[in-house]
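**Student:** Here's a structure for you.
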Amino acid sequence: MHLQSTDLDGLESRYRAALVNSLSGFKPANLVGTADHTGHSNLAIMSSVVHLGSHPPLLALIIRPNPTARHTLDNILDTGCYTINHVGNQFVEAAHQTAARYPREQSEFAATGLEEHWVEGFAAPFVKQASIRMGLRLREHQQLEINDTHFLIGEIVLVDVPDHCVGDDGSVDISAAGSVALSGLDSYHDTRRLRRMAYAKPDLPPTPVA
Ligand SMILES: Cc1cc2nc3c(=O)[nH]c(=O)nc-3n(C[C@H](O)[C@H](O)[C@H](O)COP(=O)(O)O)c2cc1C
């Protein structure tokens, strides 16, 4: 298949969405946990979490424009905090189901059987079943001019990672934690680490880390 702008423009909209959503490669599978100011919880699967910086520790999240239902966005703007929980291979089906358009008063936790885990003093729920989870505070919110998408920047203020997945140098083996990857709009992938590579330098050949 070889396409140019005019071809892409002429594609049937669902076909185009499936195709273009596949092009950026493998994406992280995360559940975003939020609550409104009364503590009513919400959970939504999102594939758009991107690392933005380590010091301060920042993650970006992209939320599509939706004038009717945007529970996650409303809650984040309401409380200023949210959780990001890796989807594990044990609960892919429940995680995917959180994308369904439940009414605001119905929590996706109750609807899917995923359990809430609350941390004292933090106003958003974590997913009990997730082995890697983070709590974030909203630092910046922009609605992008190009397509009205919401770009949220959050600072990681809480981290929960199983000890056995953390290496001596701080790197986390997310395959060992059972985290899955996403492609396109609906494909979930198991992961297997092929190898780790040493820091690349111009005068050294590529060197695997033992
Ligand atoms: C695999 C997958 C990935 C998704 N990623 C995103 C995303 O990155 N951003 C987004 O706004 N919606 C994404 N969605 C759609 C939301 O999960 C869906 O709109 C959900 O109903 C939003 O819930 P809310 O209204 O409770 O916030 C994704 C859906 C699926 C199935």
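The chains in the structure tokens are called A, B, ... from first to last as shown; in each chain the residues are counted from 1, and the ligands are counted from 1 in the order shown.
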Around ligand 1, out to 10 Å and counting only C-alpha atoms and all ligand atoms, which residues are there? I want them as an NGL selection string.
**Tutor:** :A and (21 or 27-34 or 41-50 or 61-66 or 68-76 or 95-104 or 106-108 or 149-151 or 181-188)
**Student:** Keeping C-alpha atoms for every residue in the selection just given, could you write it to a file as a CSV table (one decimal), in the first residue's frame?
**Tutor:**
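again-v8.csv, written as the output of this step:
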chain,number,residue,atom,x,y,z
A,21,ASN,CA,-3.9,4.8,14.6
A,27,LYS,CA,1.9,2.3,22.4
A,28,PRO,CA,1.6,1.9,26.2
A,29,ALA,CA,-1.7,0.5,27.5
A,30,ASN,CA,-2.8,2.5,30.6
A,31,LEU,CA,-5.9,3.0,32.7
A,32,VAL,CA,-6.4,6.6,33.8
A,33,GLY,CA,-8.2,6.7,37.2
A,34,THR,CA,-10.0,9.8,38.3
A,41,SER,CA,-14.7,7.4,40.5
A,42,ASN,CA,-14.0,7.0,36.8
A,43,LEU,CA,-11.6,4.8,34.8
A,44,ALA,CA,-10.7,5.0,31.1
A,45,ILE,CA,-8.2,3.2,28.9
A,46,MET,CA,-5.8,5.5,27.2
A,47,SER,CA,-2.9,4.8,24.8
A,48,SER,CA,-1.5,8.3,24.6
A,49,VAL,CA,0.8,8.5,27.7
A,50,VAL,CA,4.2,9.9,26.7
A,61,LEU,CA,-1.6,12.6,28.2
A,62,ILE,CA,-3.6,13.3,25.1
A,63,ILE,CA,-7.4,13.4,25.5
A,64,ARG,CA,-9.5,13.6,22.4
A,65,PRO,CA,-12.0,16.4,22.0
A,66,ASN,CA,-15.5,15.3,22.9
A,68,THR,CA,-20.6,15.5,25.3
A,69,ALA,CA,-18.8,12.9,27.5
A,70,ARG,CA,-15.4,13.7,28.8
A,71,HIS,CA,-15.4,12.4,32.3
A,72,THR,CA,-11.7,11.8,32.7
A,73,LEU,CA,-10.9,15.4,31.5
A,74,ASP,CA,-13.6,17.0,33.7
A,75,ASN,CA,-12.4,15.1,36.8
A,76,ILE,CA,-8.7,16.0,36.2
A,95,ALA,CA,-9.4,-2.7,30.8
A,96,HIS,CA,-10.7,-2.6,27.2
A,97,GLN,CA,-14.3,-2.5,28.4
A,98,THR,CA,-13.6,0.9,30.2
A,99,ALA,CA,-13.6,2.5,26.8
A,100,ALA,CA,-17.4,1.9,26.6
A,101,ARG,CA,-19.5,5.1,27.0
A,102,TYR,CA,-21.0,4.5,30.5
A,103,PRO,CA,-23.1,7.3,31.9
A,104,ARG,CA,-21.3,9.7,34.3
A,106,GLN,CA,-21.8,4.7,36.6
A,107,SER,CA,-18.2,4.0,37.6
A,108,GLU,CA,-16.2,1.8,35.1
A,149,THR,CA,-7.2,17.8,21.3
A,150,HIS,CA,-6.4,18.3,25.0
A,151,PHE,CA,-2.7,18.0,26.0
A,181,ALA,CA,1.4,-3.0,24.7
A,182,LEU,CA,-1.2,-1.6,22.4
A,183,SER,CA,-1.4,-1.1,18.6
A,184,GLY,CA,-4.0,0.6,16.6
A,185,LEU,CA,-7.3,1.0,18.3
A,186,ASP,CA,-7.9,-2.5,19.6
A,187,SER,CA,-4.9,-4.8,19.6
A,188,TYR,CA,-3.1,-5.9,22.8
**Student:** What's around Gly88 of chain A at 6 Å? Count only C-alpha atoms, leave out sequence neighbours fewer than 6 positions away in its own chain, and write the answer as a list in words.
**Tutor:** Gly178, Ser179 and Val180 of chain A
**Student:** Please save all heavy atoms of the selected residues as a PDB file, in the first residue's frame.
**Tutor:**
ATOM      1  N   GLY A 178       4.379  -7.790  33.698  1.00  0.00           N
ATOM      2  CA  GLY A 178       3.168  -8.250  32.999  1.00  0.00           C
ATOM      3  C   GLY A 178       2.450  -7.150  32.242  1.00  0.00           C
ATOM      4  O   GLY A 178       1.308  -7.345  31.790  1.00  0.00           O
ATOM      5  N   SER A 179       3.117  -5.985  32.057  1.00  0.00           N
ATOM      6  CA  SER A 179       2.469  -4.886  31.324  1.00  0.00           C
ATOM      7  C   SER A 179       2.342  -5.263  29.851  1.00  0.00           C
ATOM      8  O   SER A 179       3.262  -5.830  29.265  1.00  0.00           O
ATOM      9  CB  SER A 179       3.306  -3.608  31.425  1.00  0.00           C
ATOM     10  OG  SER A 179       3.469  -3.229  32.767  1.00  0.00           O
ATOM     11  N   VAL A 180       1.205  -4.911  29.239  1.00  0.00           N
ATOM     12  CA  VAL A 180       1.004  -5.205  27.822  1.00  0.00           C
ATOM     13  C   VAL A 180       1.205  -3.938  26.995  1.00  0.00           C
ATOM     14  O   VAL A 180       1.245  -2.829  27.529  1.00  0.00           O
ATOM     15  CB  VAL A 180      -0.398  -5.803  27.544  1.00  0.00           C
ATOM     16  CG1 VAL A 180      -0.623  -7.062  28.373  1.00  0.00           C
ATOM     17  CG2 VAL A 180      -1.501  -4.800  27.800  1.00  0.00           C
TER      18      VAL A 180
END
**Student:** Of the candidates A:Ser5, A:Ser54, A:Gln143, A:Ser131, which one gets nearest to Ala177 of chain A if we count only C-alpha atoms?
**Tutor:**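 The shortest atom-to-atom distance to Ala177 of chain A comes from A:Ser131.
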**Student:** Among segment 19-197 of chain A, which ones does DSSP assign to strand (DSSP E) (computed from the backbone)? Answer as a ChimeraX atom specification.
**Tutor:** /A:27-28,30-35,41-46,50-54,57-63,81-86,116-117,126-127,133-143,150-160,181-183,187-189
**Student:** Taking into account only C-alpha atoms, which residue in the set A:Gly135, A:Gly121, A:Pro205, A:Gly39 is nearest to Gly154 of chain A?
**Tutor:**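 Counting only C-alpha atoms, the residue closest to Gly154 of chain A is A:Gly135.
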**Student:** Using only C-alpha atoms, determine which residues lie at most 9 Å from Glu155 of chain A, disregarding the query and same-chain residues fewer than 2 positions distant; provide the list as a ChimeraX atom specification.
**Tutor:** /A:56-60,135-139,153,157
**Student:** Next, dump the selected residues to file, keeping only all heavy atoms, as a short mmCIF file (atom, residue, chain, number, x, y, z; two decimals), in the first residue's frame.
**Tutor:**
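Ended up saving to part_33.cif:
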data_model
loop_
_atom_site.label_atom_id
_atom_site.label_comp_id
_atom_site.auth_asym_id
_atom_site.auth_seq_id
_atom_site.Cartn_x
_atom_site.Cartn_y
_atom_site.Cartn_z
N PRO A 56 11.73 17.75 36.51
CA PRO A 56 10.76 16.97 37.28
C PRO A 56 10.21 15.81 36.45
O PRO A 56 10.23 15.88 35.21
CB PRO A 56 9.67 18.00 37.61
CG PRO A 56 9.75 19.01 36.52
CD PRO A 56 11.19 19.08 36.13
N PRO A 57 9.70 14.75 37.12
CA PRO A 57 9.17 13.60 36.39
C PRO A 57 7.81 13.91 35.78
O PRO A 57 6.81 14.03 36.48
CB PRO A 57 9.06 12.51 37.47
CG PRO A 57 8.98 13.24 38.76
CD PRO A 57 9.65 14.57 38.58
N LEU A 58 7.79 14.05 34.45
CA LEU A 58 6.57 14.50 33.76
C LEU A 58 6.09 13.48 32.73
O LEU A 58 6.89 12.91 31.99
CB LEU A 58 6.84 15.83 33.03
CG LEU A 58 7.28 17.02 33.88
CD1 LEU A 58 7.60 18.21 32.98
CD2 LEU A 58 6.22 17.39 34.91
N LEU A 59 4.77 13.29 32.69
CA LEU A 59 4.14 12.49 31.64
C LEU A 59 3.09 13.35 30.97
O LEU A 59 2.37 14.11 31.63
CB LEU A 59 3.45 11.25 32.23
CG LEU A 59 4.34 10.18 32.86
CD1 LEU A 59 3.47 9.06 33.43
CD2 LEU A 59 5.32 9.60 31.84
N ALA A 60 2.99 13.22 29.64
CA ALA A 60 1.91 13.89 28.90
C ALA A 60 0.81 12.88 28.62
O ALA A 60 1.06 11.67 28.54
CB ALA A 60 2.45 14.46 27.60
N GLY A 135 0.68 8.12 40.67
CA GLY A 135 -0.23 9.21 40.96
C GLY A 135 0.36 10.49 40.38
O GLY A 135 1.56 10.74 40.52
N LEU A 136 -0.49 11.29 39.70
CA LEU A 136 0.01 12.51 39.05
C LEU A 136 -0.78 13.73 39.46
O LEU A 136 -1.99 13.65 39.71
CB LEU A 136 -0.07 12.37 37.52
CG LEU A 136 0.92 11.39 36.92
CD1 LEU A 136 0.29 10.03 36.76
CD2 LEU A 136 1.45 11.89 35.59
N ARG A 137 -0.07 14.85 39.52
CA ARG A 137 -0.74 16.15 39.71
C ARG A 137 -0.63 16.94 38.42
O ARG A 137 0.45 17.02 37.81
CB ARG A 137 -0.08 16.94 40.85
CG ARG A 137 -0.37 16.34 42.18
CD ARG A 137 -0.31 17.33 43.33
NE ARG A 137 -0.41 16.62 44.59
CZ ARG A 137 -1.53 16.14 45.11
NH1 ARG A 137 -2.67 16.33 44.50
NH2 ARG A 137 -1.54 15.47 46.25
N LEU A 138 -1.76 17.52 38.01
CA LEU A 138 -1.79 18.29 36.75
C LEU A 138 -0.92 19.53 36.88
O LEU A 138 -1.06 20.30 37.82
CB LEU A 138 -3.24 18.70 36.44
CG LEU A 138 -3.43 19.47 35.13
CD1 LEU A 138 -3.11 18.59 33.93
CD2 LEU A 138 -4.87 20.00 35.03
N ARG A 139 -0.01 19.71 35.92
CA ARG A 139 0.86 20.90 35.92
C ARG A 139 0.52 21.87 34.80
O ARG A 139 0.77 23.06 34.89
CB ARG A 139 2.34 20.46 35.79
CG ARG A 139 2.87 19.69 36.98
CD ARG A 139 3.08 20.59 38.20
NE ARG A 139 3.95 21.70 37.90
CZ ARG A 139 5.27 21.69 38.04
NH1 ARG A 139 5.87 20.62 38.52
NH2 ARG A 139 5.98 22.75 37.74
N ILE A 153 -0.24 17.85 30.94
CA ILE A 153 1.08 17.49 31.46
C ILE A 153 0.95 17.31 32.96
O ILE A 153 0.46 18.20 33.68
CB ILE A 153 2.12 18.59 31.15
CG1 ILE A 153 2.23 18.78 29.63
CG2 ILE A 153 3.47 18.23 31.75
CD1 ILE A 153 3.09 19.96 29.22
N VAL A 157 3.84 12.09 41.28
CA VAL A 157 4.10 12.35 42.70
C VAL A 157 4.05 11.08 43.55
O VAL A 157 4.45 11.10 44.71
CB VAL A 157 3.11 13.42 43.25
CG1 VAL A 157 3.34 14.76 42.59
CG2 VAL A 157 1.65 12.99 43.08
#
